[in-house]
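Listing of final-v8.cif; format and content: mmCIF, N, CA, C and O atoms.
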```cif
data_run
#
loop_
_atom_site.label_atom_id
_atom_site.label_comp_id
_atom_site.auth_asym_id
_atom_site.auth_seq_id
_atom_site.Cartn_x
_atom_site.Cartn_y
_atom_site.Cartn_z
N MET D 847 15.01 -14.16 10.71
CA MET D 847 15.60 -14.58 9.45
C MET D 847 15.41 -13.48 8.42
O MET D 847 14.36 -12.88 8.31
N GLU D 848 16.44 -13.24 7.64
CA GLU D 848 16.40 -12.20 6.62
C GLU D 848 15.65 -12.68 5.39
O GLU D 848 15.87 -13.78 4.92
N MET D 849 14.75 -11.85 4.89
CA MET D 849 14.05 -12.15 3.64
C MET D 849 14.76 -11.41 2.52
O MET D 849 14.61 -10.21 2.37
N VAL D 850 15.58 -12.09 1.77
CA VAL D 850 16.32 -11.49 0.67
C VAL D 850 15.69 -11.98 -0.63
O VAL D 850 15.51 -13.17 -0.83
N GLU D 851 15.36 -11.06 -1.50
CA GLU D 851 14.77 -11.37 -2.79
C GLU D 851 15.86 -11.36 -3.86
O GLU D 851 16.90 -10.74 -3.70
N THR D 852 15.60 -12.04 -4.96
CA THR D 852 16.57 -12.06 -6.05
C THR D 852 15.87 -11.83 -7.38
O THR D 852 14.72 -12.23 -7.57
N LEU D 853 16.57 -11.17 -8.26
CA LEU D 853 16.17 -11.03 -9.66
C LEU D 853 17.30 -11.65 -10.49
O LEU D 853 18.16 -12.34 -9.94
N ALA D 854 17.32 -11.43 -11.77
CA ALA D 854 18.29 -12.08 -12.64
C ALA D 854 19.75 -11.82 -12.20
O ALA D 854 20.54 -12.74 -12.10
N HIS D 855 20.09 -10.56 -11.92
CA HIS D 855 21.48 -10.22 -11.61
C HIS D 855 21.63 -9.48 -10.28
O HIS D 855 22.67 -8.88 -10.04
N THR D 856 20.61 -9.51 -9.45
CA THR D 856 20.68 -8.76 -8.20
C THR D 856 20.10 -9.55 -7.04
O THR D 856 19.28 -10.44 -7.22
N THR D 857 20.55 -9.19 -5.87
CA THR D 857 19.96 -9.66 -4.62
C THR D 857 19.60 -8.41 -3.86
O THR D 857 20.42 -7.49 -3.74
N TRP D 858 18.40 -8.33 -3.33
CA TRP D 858 17.94 -7.08 -2.72
C TRP D 858 17.01 -7.32 -1.54
O TRP D 858 16.41 -8.38 -1.42
N GLU D 859 16.93 -6.30 -0.70
CA GLU D 859 15.97 -6.24 0.39
C GLU D 859 15.63 -4.76 0.57
O GLU D 859 16.33 -4.03 1.27
N CYS D 860 14.59 -4.30 -0.09
CA CYS D 860 14.18 -2.89 -0.07
C CYS D 860 12.81 -2.80 0.58
O CYS D 860 11.82 -3.26 0.01
N LYS D 861 12.76 -2.21 1.75
CA LYS D 861 11.49 -2.04 2.46
C LYS D 861 11.32 -0.57 2.80
O LYS D 861 12.26 0.09 3.21
N TYR D 862 10.11 -0.09 2.61
CA TYR D 862 9.82 1.33 2.80
C TYR D 862 8.62 1.50 3.71
O TYR D 862 7.61 0.80 3.55
N HIS D 863 8.72 2.44 4.65
CA HIS D 863 7.60 2.78 5.51
C HIS D 863 6.84 3.92 4.86
O HIS D 863 7.40 4.99 4.62
N VAL D 864 5.58 3.68 4.52
CA VAL D 864 4.77 4.65 3.79
C VAL D 864 3.56 5.01 4.64
O VAL D 864 2.96 4.14 5.28
N VAL D 865 3.22 6.29 4.67
CA VAL D 865 2.04 6.76 5.40
C VAL D 865 1.14 7.51 4.43
O VAL D 865 1.58 8.46 3.78
N PHE D 866 -0.12 7.08 4.30
CA PHE D 866 -1.12 7.77 3.49
C PHE D 866 -1.97 8.61 4.43
O PHE D 866 -2.45 8.10 5.45
N ILE D 867 -2.21 9.86 4.07
CA ILE D 867 -3.05 10.73 4.88
C ILE D 867 -4.10 11.36 3.98
O ILE D 867 -3.77 11.99 2.99
N PRO D 868 -5.41 11.17 4.28
CA PRO D 868 -6.45 11.81 3.47
C PRO D 868 -6.36 13.34 3.56
O PRO D 868 -5.81 13.89 4.51
N LYS D 869 -6.89 13.98 2.55
CA LYS D 869 -6.85 15.44 2.48
C LYS D 869 -7.48 16.05 3.73
O LYS D 869 -8.53 15.61 4.18
N TYR D 870 -6.82 17.04 4.28
CA TYR D 870 -7.25 17.74 5.50
C TYR D 870 -7.33 16.79 6.70
O TYR D 870 -7.98 17.10 7.68
N ARG D 871 -6.71 15.62 6.59
CA ARG D 871 -6.68 14.62 7.66
C ARG D 871 -8.07 14.27 8.16
O ARG D 871 -8.33 14.06 9.34
N ARG D 872 -9.01 14.21 7.20
CA ARG D 872 -10.40 13.85 7.54
C ARG D 872 -10.45 12.46 8.14
O ARG D 872 -9.71 11.57 7.75
N LYS D 873 -11.36 12.26 9.04
CA LYS D 873 -11.56 10.95 9.66
C LYS D 873 -12.44 10.11 8.74
O LYS D 873 -13.59 9.82 9.04
N ALA D 874 -11.89 9.72 7.59
CA ALA D 874 -12.69 9.06 6.55
C ALA D 874 -12.55 7.55 6.55
O ALA D 874 -13.32 6.86 5.91
N LEU D 875 -11.55 7.02 7.25
CA LEU D 875 -11.28 5.58 7.19
C LEU D 875 -11.89 4.91 8.41
O LEU D 875 -11.24 4.78 9.44
N PHE D 876 -13.12 4.45 8.28
CA PHE D 876 -13.81 3.84 9.41
C PHE D 876 -14.74 2.75 8.93
O PHE D 876 -15.01 2.62 7.74
N GLY D 877 -15.23 1.93 9.84
CA GLY D 877 -16.23 0.91 9.54
C GLY D 877 -15.75 -0.14 8.56
O GLY D 877 -14.63 -0.63 8.63
N GLN D 878 -16.64 -0.51 7.65
CA GLN D 878 -16.35 -1.55 6.67
C GLN D 878 -15.21 -1.15 5.74
O GLN D 878 -14.41 -1.99 5.32
N LEU D 879 -15.12 0.12 5.42
CA LEU D 879 -14.04 0.61 4.56
C LEU D 879 -12.68 0.28 5.17
O LEU D 879 -11.77 -0.19 4.48
N ARG D 880 -12.54 0.49 6.45
CA ARG D 880 -11.28 0.22 7.14
C ARG D 880 -10.91 -1.26 7.06
O ARG D 880 -9.75 -1.61 6.89
N LYS D 881 -11.91 -2.13 7.15
CA LYS D 881 -11.65 -3.57 7.10
C LYS D 881 -11.25 -4.03 5.71
O LYS D 881 -10.46 -4.94 5.54
N ASP D 882 -11.81 -3.41 4.69
CA ASP D 882 -11.55 -3.83 3.31
C ASP D 882 -10.25 -3.28 2.72
O ASP D 882 -9.74 -3.82 1.75
N LEU D 883 -9.72 -2.20 3.28
CA LEU D 883 -8.55 -1.57 2.69
C LEU D 883 -7.32 -2.48 2.66
O LEU D 883 -6.55 -2.44 1.71
N GLY D 884 -7.13 -3.30 3.68
CA GLY D 884 -5.97 -4.17 3.71
C GLY D 884 -5.92 -5.11 2.52
O GLY D 884 -4.89 -5.26 1.86
N ALA D 885 -7.04 -5.74 2.23
CA ALA D 885 -7.10 -6.65 1.09
C ALA D 885 -6.90 -5.91 -0.23
O ALA D 885 -6.25 -6.42 -1.15
N VAL D 886 -7.45 -4.71 -0.33
CA VAL D 886 -7.30 -3.91 -1.56
C VAL D 886 -5.83 -3.56 -1.78
O VAL D 886 -5.29 -3.72 -2.88
N PHE D 887 -5.16 -3.07 -0.73
CA PHE D 887 -3.74 -2.71 -0.86
C PHE D 887 -2.88 -3.92 -1.19
O PHE D 887 -1.97 -3.84 -2.01
N ARG D 888 -3.16 -5.07 -0.59
CA ARG D 888 -2.38 -6.27 -0.88
C ARG D 888 -2.55 -6.73 -2.33
O ARG D 888 -1.60 -7.10 -3.00
N ARG D 889 -3.78 -6.68 -2.81
CA ARG D 889 -4.06 -7.10 -4.19
C ARG D 889 -3.39 -6.15 -5.19
O ARG D 889 -2.80 -6.60 -6.18
N LEU D 890 -3.44 -4.85 -4.92
CA LEU D 890 -2.81 -3.88 -5.82
C LEU D 890 -1.29 -4.02 -5.78
O LEU D 890 -0.62 -3.89 -6.82
N ALA D 891 -0.72 -4.27 -4.62
CA ALA D 891 0.73 -4.42 -4.51
C ALA D 891 1.20 -5.65 -5.28
O ALA D 891 2.26 -5.61 -5.92
N GLU D 892 0.43 -6.72 -5.26
CA GLU D 892 0.81 -7.92 -6.02
C GLU D 892 0.86 -7.65 -7.52
O GLU D 892 1.68 -8.23 -8.23
N GLN D 893 0.02 -6.74 -8.00
CA GLN D 893 0.02 -6.41 -9.42
C GLN D 893 1.32 -5.71 -9.83
O GLN D 893 1.72 -5.77 -10.98
N LYS D 894 1.97 -5.05 -8.89
CA LYS D 894 3.25 -4.38 -9.16
C LYS D 894 4.44 -5.17 -8.63
O LYS D 894 5.52 -4.62 -8.44
N GLU D 895 4.25 -6.46 -8.37
CA GLU D 895 5.29 -7.35 -7.87
C GLU D 895 5.85 -6.88 -6.53
O GLU D 895 7.01 -7.08 -6.21
N CYS D 896 5.02 -6.21 -5.74
CA CYS D 896 5.41 -5.72 -4.42
C CYS D 896 4.67 -6.52 -3.36
O CYS D 896 3.80 -7.32 -3.66
N ARG D 897 5.02 -6.27 -2.11
CA ARG D 897 4.38 -6.99 -1.02
C ARG D 897 4.16 -6.04 0.14
O ARG D 897 5.05 -5.25 0.47
N VAL D 898 2.99 -6.11 0.75
CA VAL D 898 2.70 -5.34 1.96
C VAL D 898 3.14 -6.22 3.13
O VAL D 898 2.50 -7.22 3.44
N GLU D 899 4.24 -5.86 3.75
CA GLU D 899 4.78 -6.64 4.86
C GLU D 899 3.93 -6.47 6.11
O GLU D 899 3.68 -7.42 6.84
N GLU D 900 3.52 -5.23 6.35
CA GLU D 900 2.76 -4.92 7.55
C GLU D 900 1.95 -3.66 7.27
O GLU D 900 2.37 -2.80 6.52
N GLY D 901 0.77 -3.57 7.87
CA GLY D 901 -0.06 -2.39 7.67
C GLY D 901 -0.99 -2.15 8.84
O GLY D 901 -1.45 -3.10 9.49
N HIS D 902 -1.23 -0.87 9.12
CA HIS D 902 -2.16 -0.48 10.18
C HIS D 902 -2.99 0.69 9.68
O HIS D 902 -2.46 1.62 9.07
N THR D 903 -4.28 0.63 9.93
CA THR D 903 -5.19 1.68 9.49
C THR D 903 -5.79 2.37 10.71
O THR D 903 -6.41 1.73 11.55
N GLN D 904 -5.59 3.67 10.82
CA GLN D 904 -6.25 4.48 11.82
C GLN D 904 -7.38 5.24 11.14
O GLN D 904 -7.58 5.12 9.95
N SER D 905 -8.12 6.02 11.90
CA SER D 905 -9.27 6.72 11.31
C SER D 905 -8.84 7.82 10.34
O SER D 905 -9.60 8.19 9.45
N ASP D 906 -7.63 8.37 10.50
CA ASP D 906 -7.22 9.47 9.63
C ASP D 906 -5.91 9.23 8.87
O ASP D 906 -5.41 10.13 8.20
N HIS D 907 -5.33 8.03 8.95
CA HIS D 907 -4.14 7.73 8.15
C HIS D 907 -3.89 6.22 8.11
O HIS D 907 -4.46 5.47 8.88
N VAL D 908 -2.99 5.82 7.19
CA VAL D 908 -2.66 4.42 6.98
C VAL D 908 -1.14 4.28 7.01
O VAL D 908 -0.43 5.02 6.32
N HIS D 909 -0.62 3.34 7.81
CA HIS D 909 0.81 3.01 7.84
C HIS D 909 1.00 1.69 7.11
O HIS D 909 0.25 0.74 7.34
N MET D 910 2.00 1.63 6.23
CA MET D 910 2.31 0.38 5.54
C MET D 910 3.83 0.21 5.43
O MET D 910 4.55 1.20 5.24
N LEU D 911 4.27 -1.02 5.55
CA LEU D 911 5.66 -1.38 5.28
C LEU D 911 5.64 -2.14 3.97
O LEU D 911 5.10 -3.25 3.89
N LEU D 912 6.19 -1.54 2.92
CA LEU D 912 6.16 -2.11 1.58
C LEU D 912 7.52 -2.67 1.20
O LEU D 912 8.55 -2.04 1.44
N SER D 913 7.51 -3.83 0.58
CA SER D 913 8.71 -4.40 -0.01
C SER D 913 8.59 -4.21 -1.52
O SER D 913 7.71 -4.80 -2.16
N ILE D 914 9.45 -3.35 -2.08
CA ILE D 914 9.35 -2.95 -3.48
C ILE D 914 10.64 -3.35 -4.20
O ILE D 914 11.73 -3.00 -3.74
N PRO D 915 10.55 -4.07 -5.32
CA PRO D 915 11.76 -4.42 -6.07
C PRO D 915 12.46 -3.16 -6.60
O PRO D 915 11.80 -2.15 -6.89
N PRO D 916 13.78 -3.20 -6.75
CA PRO D 916 14.50 -2.01 -7.20
C PRO D 916 14.20 -1.60 -8.64
O PRO D 916 14.52 -0.50 -9.04
N LYS D 917 13.55 -2.47 -9.42
CA LYS D 917 13.24 -2.09 -10.80
C LYS D 917 12.06 -1.12 -10.87
O LYS D 917 11.80 -0.55 -11.93
N TYR D 918 11.35 -0.91 -9.76
CA TYR D 918 10.24 0.04 -9.70
C TYR D 918 10.61 1.23 -8.82
O TYR D 918 11.20 1.05 -7.75
N ALA D 919 10.25 2.42 -9.26
CA ALA D 919 10.44 3.61 -8.44
C ALA D 919 9.42 3.60 -7.30
O ALA D 919 8.26 3.21 -7.50
N VAL D 920 9.84 4.00 -6.13
CA VAL D 920 8.95 4.00 -4.96
C VAL D 920 7.77 4.93 -5.21
O VAL D 920 6.62 4.58 -4.92
N ALA D 921 8.04 6.10 -5.77
CA ALA D 921 6.97 7.05 -6.03
C ALA D 921 5.94 6.49 -7.01
O ALA D 921 4.74 6.74 -6.87
N HIS D 922 6.39 5.73 -7.98
CA HIS D 922 5.48 5.13 -8.96
C HIS D 922 4.56 4.11 -8.29
O HIS D 922 3.35 4.10 -8.54
N VAL D 923 5.11 3.27 -7.44
CA VAL D 923 4.31 2.25 -6.77
C VAL D 923 3.33 2.89 -5.79
O VAL D 923 2.16 2.52 -5.74
N VAL D 924 3.79 3.86 -5.01
CA VAL D 924 2.92 4.52 -4.04
C VAL D 924 1.81 5.28 -4.77
O VAL D 924 0.64 5.24 -4.36
N GLY D 925 2.12 5.96 -5.86
CA GLY D 925 1.10 6.64 -6.65
C GLY D 925 0.07 5.68 -7.20
O GLY D 925 -1.12 5.97 -7.23
N TYR D 926 0.54 4.53 -7.66
CA TYR D 926 -0.36 3.50 -8.17
C TYR D 926 -1.29 3.00 -7.07
O TYR D 926 -2.50 2.89 -7.27
N LEU D 927 -0.73 2.70 -5.89
CA LEU D 927 -1.55 2.21 -4.78
C LEU D 927 -2.59 3.24 -4.35
O LEU D 927 -3.76 2.90 -4.14
N LYS D 928 -2.17 4.49 -4.23
CA LYS D 928 -3.11 5.53 -3.80
C LYS D 928 -4.19 5.77 -4.84
O LYS D 928 -5.37 5.88 -4.51
N GLY D 929 -3.80 5.84 -6.10
CA GLY D 929 -4.76 6.12 -7.15
C GLY D 929 -5.78 5.02 -7.35
O GLY D 929 -6.99 5.26 -7.39
N LYS D 930 -5.30 3.79 -7.46
CA LYS D 930 -6.22 2.67 -7.70
C LYS D 930 -7.09 2.38 -6.47
O LYS D 930 -8.25 2.00 -6.62
N SER D 931 -6.54 2.56 -5.28
CA SER D 931 -7.37 2.33 -4.08
C SER D 931 -8.44 3.42 -3.97
O SER D 931 -9.57 3.13 -3.55
N ALA D 932 -8.12 4.64 -4.36
CA ALA D 932 -9.13 5.72 -4.34
C ALA D 932 -10.25 5.43 -5.33
O ALA D 932 -11.43 5.65 -5.03
N ILE D 933 -9.90 4.90 -6.51
CA ILE D 933 -10.92 4.54 -7.49
C ILE D 933 -11.80 3.42 -6.96
O ILE D 933 -13.03 3.46 -7.08
N HIS D 934 -11.19 2.42 -6.32
CA HIS D 934 -11.95 1.31 -5.74
C HIS D 934 -12.89 1.81 -4.66
O HIS D 934 -14.07 1.40 -4.62
N ILE D 935 -12.43 2.67 -3.79
CA ILE D 935 -13.27 3.22 -2.71
C ILE D 935 -14.43 3.99 -3.28
O ILE D 935 -15.58 3.86 -2.85
N ALA D 936 -14.15 4.83 -4.30
CA ALA D 936 -15.21 5.64 -4.90
C ALA D 936 -16.28 4.75 -5.55
O ALA D 936 -17.49 5.02 -5.41
N ARG D 937 -15.86 3.72 -6.26
CA ARG D 937 -16.83 2.84 -6.92
C ARG D 937 -17.61 2.01 -5.94
O ARG D 937 -18.81 1.76 -6.12
N THR D 938 -16.95 1.52 -4.90
CA THR D 938 -17.60 0.61 -3.96
C THR D 938 -18.47 1.31 -2.94
O THR D 938 -19.59 0.88 -2.66
N TYR D 939 -17.99 2.39 -2.37
CA TYR D 939 -18.67 3.01 -1.23
C TYR D 939 -19.40 4.30 -1.57
O TYR D 939 -20.27 4.72 -0.82
N LEU D 940 -19.07 4.94 -2.67
CA LEU D 940 -19.73 6.20 -3.01
C LEU D 940 -20.69 6.05 -4.19
O LEU D 940 -21.20 7.04 -4.69
N GLY D 941 -20.91 4.84 -4.64
CA GLY D 941 -21.85 4.61 -5.74
C GLY D 941 -21.18 4.85 -7.04
O GLY D 941 -21.53 4.79 -8.09
#
```

Please go through the file and, once you have read it, give me the structure as structure tokens.
Amino acid sequence: MEMVETLAHTTWECKYHVVFIPKYRRKALFGQLRKDLGAVFRRLAEQKECRVEEGHTQSDHVHMLLSIPPKYAVAHVVGYLKGKSAIHIARTYLG
């Protein structure tokens, strides 16, 4: 079944496959951090009226399928997700 979203004057279905890769492809995403990232990304996406349809975390990168409304630029949402998740990781796991 098709998931079609609506706004005041539009009907849309915009989904983007996004891959995050840590600098130098370090194997930094492991253990408890790997388990917590899904919830962090979902919570941040909800703040921008977006939805994480599907996501997979490997030790050196993250795959996500994002549903983003057309009123937001993809680069803006991805930058927000990367920036705020990095701040959360630094505060939680690096002291």

Correct to one decimal, the distance atom CA of D:Ile935-atom CA of D:Arg880 is 10.5 Å

Next on the checklist: Write out as a PyMOL selection string the set of residues from chain D that DSSP, computed on the backbone, places in strand (DSSP E).
Outcome noted: chain D and resi 851-852+857-858+861-866+897-903+908-913

**Prompt:** For this file, the PyMOL selection byres (((chain D and resi 909-914 and name CA) around 8) and name CA) selects which residues, as a PyMOL selection string?
**Reply:** chain D and resi 859-866+895-903+907-908+915-916+918+920+923

Option closest in space to D:Ala891, from D:Tyr926, D:Arg937, D:Ala932, D:Thr852 [counting only N, CA, C and O atoms]
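Between D:Tyr926, D:Arg937, D:Ala932, D:Thr852, the residue approaching D:Ala891 most closely is D:Tyr926.
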
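Among the candidate residues D:Pro868, D:Ser905, D:Glu892, D:Gln878, the one lying nearest to D:Lys928 is D:Pro868, with distances computed using only C-alpha atoms.
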
note - atom O of D:Leu879 and atom O of D:His922 are separated by 20.4 Å

From the list D:Gly941, D:Ala854, D:Ala936, D:Phe876, the nearest residue to D:Asp906 using all atoms listed in the file is D:Phe876

One number please: atom O of D:Lys873 to atom O of D:Ile933, in Å, one decimal.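 It comes out at 17.3 Å.
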
Would you please extract all alpha helix (DSSP H) residues from stretch 879-935 of chain D, as assigned by DSSP on the backbone, and give them as a ChimeraX atom specification? /D:879-893,920-935
